[in-house]
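Report on one structure; see the data block that follows.
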Amino acid sequence: MGKRRRRKMAAAISSANWAFVAAARRGGRQWGTIPLSCSSGPNTRKLVLYSKPGCCLCDGLKEKLQAAFSLSGPDSLHHVTLQVRDITTNPDWERAYQYEIPVLAKENSDGKEEILPRLSPRLSVEIIQKKLLAAFS
């Protein structure tokens, strides 16, 4: 995929995501949940993406995550929701992740976050889906 096309796709996805985050921020919240799955309930797991506006690596990962969440089949991520956190809205997040973004973390059953290994931008959507499924199993 060409650089120009990637930027165009990332911009379209990014603007929709950041519009949601901006709306959430106006409402007094510091994060936004992107409803990538319609499942909610006791078995729903949470994936957190620490990001910031204008980060091309973050936008690329968000694009791949959304594609991975949209894959169907027996290995779907229907039980996982993605929460995008803008590190510029929280000094603690900014201090912790300013040089590391994008950072993915999963929320464990005890409510604590566990940072996941960095995903290479070269990974296919299918491999990202498999890695996320393995992280939650």
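We name chains A, B, ... following the order of the structure tokens; residues begin at 1 in each chain, and ligands are numbered from 1 as shown.
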Contacts of Cys58 in chain A at 8 Å (only C-alpha atoms; same-chain gap of 5+ positions) as a count of residues only: 4
Close residues, range 106-110 of chain A itself excluded, 8 Å, only C-alpha atoms, min 4 positions apart in chain, as a ChimeraX atom specification: /A:45-48,114-116,135-136
Give me the residues near range 118-121 of chain A as a PDB file with C-alpha atoms, in the first residue's frame, where near means some atom within 9 Å (using only C-alpha atoms) and where sequence neighbours in that chain fewer than 4 positions away do not count.
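Saved file selection32.pdb follows:
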```
ATOM      1  CA  LEU A  57       2.257   5.186  14.432  1.00  0.00           C
ATOM      2  CA  GLY A  60      -1.630   3.095  11.866  1.00  0.00           C
ATOM      3  CA  LEU A  61      -2.103   0.786  14.837  1.00  0.00           C
ATOM      4  CA  LYS A  64      -5.037  -2.281  12.028  1.00  0.00           C
ATOM      5  CA  PRO A 102       1.463   3.656  20.804  1.00  0.00           C
ATOM      6  CA  VAL A 103       1.156   1.468  23.885  1.00  0.00           C
ATOM      7  CA  LEU A 104      -1.359  -1.372  24.162  1.00  0.00           C
ATOM      8  CA  ILE A 128      -2.574  -8.954  15.091  1.00  0.00           C
ATOM      9  CA  LYS A 131      -1.729 -12.060  19.044  1.00  0.00           C
TER      10      LYS A 131
END
```
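Proximity of A:Cys56, A:Ala67, A:Ala105, A:Leu49 to Asp86 in chain A, computed with only C-alpha atoms, is greatest for A:Leu49.
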Per-residue DSSP, range 53-122 of chain A, filtered to strand (DSSP E or B), as number ranges by chain: A: 80-86, 103-107, 113-115
Neighbour list for Asp75 in chain A as a ChimeraX atom specification, cut-off 10 Å, only C-alpha atoms, skip fewer than 3 positions in-chain: /A:71-72,78,126,129-130,133
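Rounded to one decimal, CA of Asp92 in chain A and CA of Gln66 in chain A lie 26.4 Å from each other.
Counting only C-alpha atoms and comparing A:Ser124, A:Asp59, A:Ala134, A:Glu100, the residue that lies closest to Val84 in chain A is A:Asp59.
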All helix (DSSP H, G or I) residues (DSSP, backbone) inside range 38-129 of chain A, as a PDB file with N, CA, C and O atoms, in the first residue's frame:
```pdb
ATOM      1  N   CYS A  56       1.478   9.286  13.847  1.00  0.00           N
ATOM      2  CA  CYS A  56       1.197   8.417  12.699  1.00  0.00           C
ATOM      3  C   CYS A  56       1.300   6.941  13.066  1.00  0.00           C
ATOM      4  O   CYS A  56       0.558   6.111  12.529  1.00  0.00           O
ATOM      5  N   LEU A  57       2.177   6.575  13.993  1.00  0.00           N
ATOM      6  CA  LEU A  57       2.257   5.186  14.432  1.00  0.00           C
ATOM      7  C   LEU A  57       0.974   4.772  15.159  1.00  0.00           C
ATOM      8  O   LEU A  57       0.470   3.668  14.974  1.00  0.00           O
ATOM      9  N   CYS A  58       0.455   5.691  15.968  1.00  0.00           N
ATOM     10  CA  CYS A  58      -0.793   5.422  16.696  1.00  0.00           C
ATOM     11  C   CYS A  58      -1.951   5.244  15.717  1.00  0.00           C
ATOM     12  O   CYS A  58      -2.756   4.317  15.847  1.00  0.00           O
ATOM     13  N   ASP A  59      -2.013   6.133  14.734  1.00  0.00           N
ATOM     14  CA  ASP A  59      -3.089   6.052  13.739  1.00  0.00           C
ATOM     15  C   ASP A  59      -3.009   4.750  12.951  1.00  0.00           C
ATOM     16  O   ASP A  59      -4.031   4.110  12.689  1.00  0.00           O
ATOM     17  N   GLY A  60      -1.797   4.345  12.595  1.00  0.00           N
ATOM     18  CA  GLY A  60      -1.630   3.095  11.866  1.00  0.00           C
ATOM     19  C   GLY A  60      -2.059   1.894  12.686  1.00  0.00           C
ATOM     20  O   GLY A  60      -2.706   0.972  12.177  1.00  0.00           O
ATOM     21  N   LEU A  61      -1.707   1.890  13.973  1.00  0.00           N
ATOM     22  CA  LEU A  61      -2.103   0.786  14.837  1.00  0.00           C
ATOM     23  C   LEU A  61      -3.618   0.773  15.032  1.00  0.00           C
ATOM     24  O   LEU A  61      -4.239  -0.292  15.003  1.00  0.00           O
ATOM     25  N   LYS A  62      -4.217   1.944  15.222  1.00  0.00           N
ATOM     26  CA  LYS A  62      -5.675   2.006  15.373  1.00  0.00           C
ATOM     27  C   LYS A  62      -6.369   1.432  14.146  1.00  0.00           C
ATOM     28  O   LYS A  62      -7.343   0.691  14.255  1.00  0.00           O
ATOM     29  N   GLU A  63      -5.846   1.772  12.974  1.00  0.00           N
ATOM     30  CA  GLU A  63      -6.410   1.262  11.718  1.00  0.00           C
ATOM     31  C   GLU A  63      -6.338  -0.267  11.680  1.00  0.00           C
ATOM     32  O   GLU A  63      -7.321  -0.937  11.364  1.00  0.00           O
ATOM     33  N   LYS A  64      -5.189  -0.824  12.035  1.00  0.00           N
ATOM     34  CA  LYS A  64      -5.037  -2.281  12.028  1.00  0.00           C
ATOM     35  C   LYS A  64      -5.892  -2.939  13.107  1.00  0.00           C
ATOM     36  O   LYS A  64      -6.459  -4.005  12.896  1.00  0.00           O
ATOM     37  N   LEU A  65      -5.999  -2.300  14.267  1.00  0.00           N
ATOM     38  CA  LEU A  65      -6.846  -2.855  15.328  1.00  0.00           C
ATOM     39  C   LEU A  65      -8.299  -2.894  14.892  1.00  0.00           C
ATOM     40  O   LEU A  65      -9.000  -3.880  15.120  1.00  0.00           O
ATOM     41  N   GLN A  66      -8.765  -1.823  14.274  1.00  0.00           N
ATOM     42  CA  GLN A  66     -10.148  -1.791  13.815  1.00  0.00           C
ATOM     43  C   GLN A  66     -10.390  -2.878  12.783  1.00  0.00           C
ATOM     44  O   GLN A  66     -11.428  -3.531  12.795  1.00  0.00           O
ATOM     45  N   ALA A  67      -9.432  -3.082  11.887  1.00  0.00           N
ATOM     46  CA  ALA A  67      -9.567  -4.150  10.893  1.00  0.00           C
ATOM     47  C   ALA A  67      -9.569  -5.518  11.573  1.00  0.00           C
ATOM     48  O   ALA A  67     -10.356  -6.396  11.208  1.00  0.00           O
ATOM     49  N   ALA A  68      -8.720  -5.711  12.566  1.00  0.00           N
ATOM     50  CA  ALA A  68      -8.666  -6.986  13.293  1.00  0.00           C
ATOM     51  C   ALA A  68      -9.973  -7.244  14.033  1.00  0.00           C
ATOM     52  O   ALA A  68     -10.458  -8.379  14.073  1.00  0.00           O
ATOM     53  N   PHE A  69     -10.571  -6.201  14.597  1.00  0.00           N
ATOM     54  CA  PHE A  69     -11.832  -6.354  15.309  1.00  0.00           C
ATOM     55  C   PHE A  69     -12.981  -6.646  14.355  1.00  0.00           C
ATOM     56  O   PHE A  69     -13.968  -7.243  14.743  1.00  0.00           O
ATOM     57  N   SER A  70     -12.856  -6.210  13.110  1.00  0.00           N
ATOM     58  CA  SER A  70     -13.948  -6.422  12.157  1.00  0.00           C
ATOM     59  C   SER A  70     -13.910  -7.806  11.518  1.00  0.00           C
ATOM     60  O   SER A  70     -14.877  -8.206  10.877  1.00  0.00           O
ATOM     61  N   ILE A  87      -2.964  10.565  25.703  1.00  0.00           N
ATOM     62  CA  ILE A  87      -2.030  10.817  26.806  1.00  0.00           C
ATOM     63  C   ILE A  87      -1.874  12.295  27.121  1.00  0.00           C
ATOM     64  O   ILE A  87      -1.447  12.648  28.214  1.00  0.00           O
ATOM     65  N   THR A  88      -2.239  13.169  26.180  1.00  0.00           N
ATOM     66  CA  THR A  88      -2.091  14.609  26.426  1.00  0.00           C
ATOM     67  C   THR A  88      -3.150  15.130  27.395  1.00  0.00           C
ATOM     68  O   THR A  88      -3.066  16.271  27.837  1.00  0.00           O
ATOM     69  N   THR A  89      -4.136  14.304  27.741  1.00  0.00           N
ATOM     70  CA  THR A  89      -5.192  14.740  28.657  1.00  0.00           C
ATOM     71  C   THR A  89      -4.913  14.362  30.103  1.00  0.00           C
ATOM     72  O   THR A  89      -5.681  14.728  30.985  1.00  0.00           O
ATOM     73  N   PRO A  91      -1.520  14.025  32.811  1.00  0.00           N
ATOM     74  CA  PRO A  91      -0.075  14.153  33.027  1.00  0.00           C
ATOM     75  C   PRO A  91       0.624  12.835  33.384  1.00  0.00           C
ATOM     76  O   PRO A  91       1.760  12.610  32.984  1.00  0.00           O
ATOM     77  N   ASP A  92      -0.066  11.953  34.115  1.00  0.00           N
ATOM     78  CA  ASP A  92       0.537  10.667  34.473  1.00  0.00           C
ATOM     79  C   ASP A  92       0.758   9.801  33.234  1.00  0.00           C
ATOM     80  O   ASP A  92       1.808   9.177  33.078  1.00  0.00           O
ATOM     81  N   TRP A  93      -0.245   9.755  32.362  1.00  0.00           N
ATOM     82  CA  TRP A  93      -0.114   8.983  31.122  1.00  0.00           C
ATOM     83  C   TRP A  93       0.974   9.583  30.243  1.00  0.00           C
ATOM     84  O   TRP A  93       1.761   8.855  29.644  1.00  0.00           O
ATOM     85  N   GLU A  94       1.015  10.897  30.182  1.00  0.00           N
ATOM     86  CA  GLU A  94       2.000  11.554  29.319  1.00  0.00           C
ATOM     87  C   GLU A  94       3.422  11.259  29.812  1.00  0.00           C
ATOM     88  O   GLU A  94       4.304  10.950  29.021  1.00  0.00           O
ATOM     89  N   ARG A  95       3.626  11.345  31.112  1.00  0.00           N
ATOM     90  CA  ARG A  95       4.947  11.031  31.675  1.00  0.00           C
ATOM     91  C   ARG A  95       5.328   9.582  31.392  1.00  0.00           C
ATOM     92  O   ARG A  95       6.457   9.273  31.030  1.00  0.00           O
ATOM     93  N   ALA A  96       4.382   8.693  31.573  1.00  0.00           N
ATOM     94  CA  ALA A  96       4.672   7.262  31.440  1.00  0.00           C
ATOM     95  C   ALA A  96       4.888   6.830  29.993  1.00  0.00           C
ATOM     96  O   ALA A  96       5.725   5.973  29.725  1.00  0.00           O
ATOM     97  N   TYR A  97       4.155   7.430  29.054  1.00  0.00           N
ATOM     98  CA  TYR A  97       4.140   6.880  27.695  1.00  0.00           C
ATOM     99  C   TYR A  97       4.587   7.841  26.591  1.00  0.00           C
ATOM    100  O   TYR A  97       4.543   7.481  25.423  1.00  0.00           O
ATOM    101  N   VAL A 125      -3.170  -7.978   9.592  1.00  0.00           N
ATOM    102  CA  VAL A 125      -4.335  -7.844  10.467  1.00  0.00           C
ATOM    103  C   VAL A 125      -4.652  -9.189  11.125  1.00  0.00           C
ATOM    104  O   VAL A 125      -4.986  -9.247  12.310  1.00  0.00           O
ATOM    105  N   GLU A 126      -4.513 -10.271  10.367  1.00  0.00           N
ATOM    106  CA  GLU A 126      -4.805 -11.600  10.899  1.00  0.00           C
ATOM    107  C   GLU A 126      -3.848 -11.971  12.034  1.00  0.00           C
ATOM    108  O   GLU A 126      -4.253 -12.553  13.036  1.00  0.00           O
ATOM    109  N   ILE A 127      -2.577 -11.637  11.877  1.00  0.00           N
ATOM    110  CA  ILE A 127      -1.603 -11.946  12.928  1.00  0.00           C
ATOM    111  C   ILE A 127      -1.868 -11.082  14.162  1.00  0.00           C
ATOM    112  O   ILE A 127      -1.768 -11.558  15.293  1.00  0.00           O
ATOM    113  N   ILE A 128      -2.226  -9.824  13.958  1.00  0.00           N
ATOM    114  CA  ILE A 128      -2.574  -8.954  15.091  1.00  0.00           C
ATOM    115  C   ILE A 128      -3.757  -9.543  15.842  1.00  0.00           C
ATOM    116  O   ILE A 128      -3.758  -9.611  17.074  1.00  0.00           O
ATOM    117  N   GLN A 129      -4.767 -10.011  15.108  1.00  0.00           N
ATOM    118  CA  GLN A 129      -5.924 -10.631  15.739  1.00  0.00           C
ATOM    119  C   GLN A 129      -5.491 -11.842  16.578  1.00  0.00           C
ATOM    120  O   GLN A 129      -5.907 -11.984  17.731  1.00  0.00           O
TER     121      GLN A 129
END
```
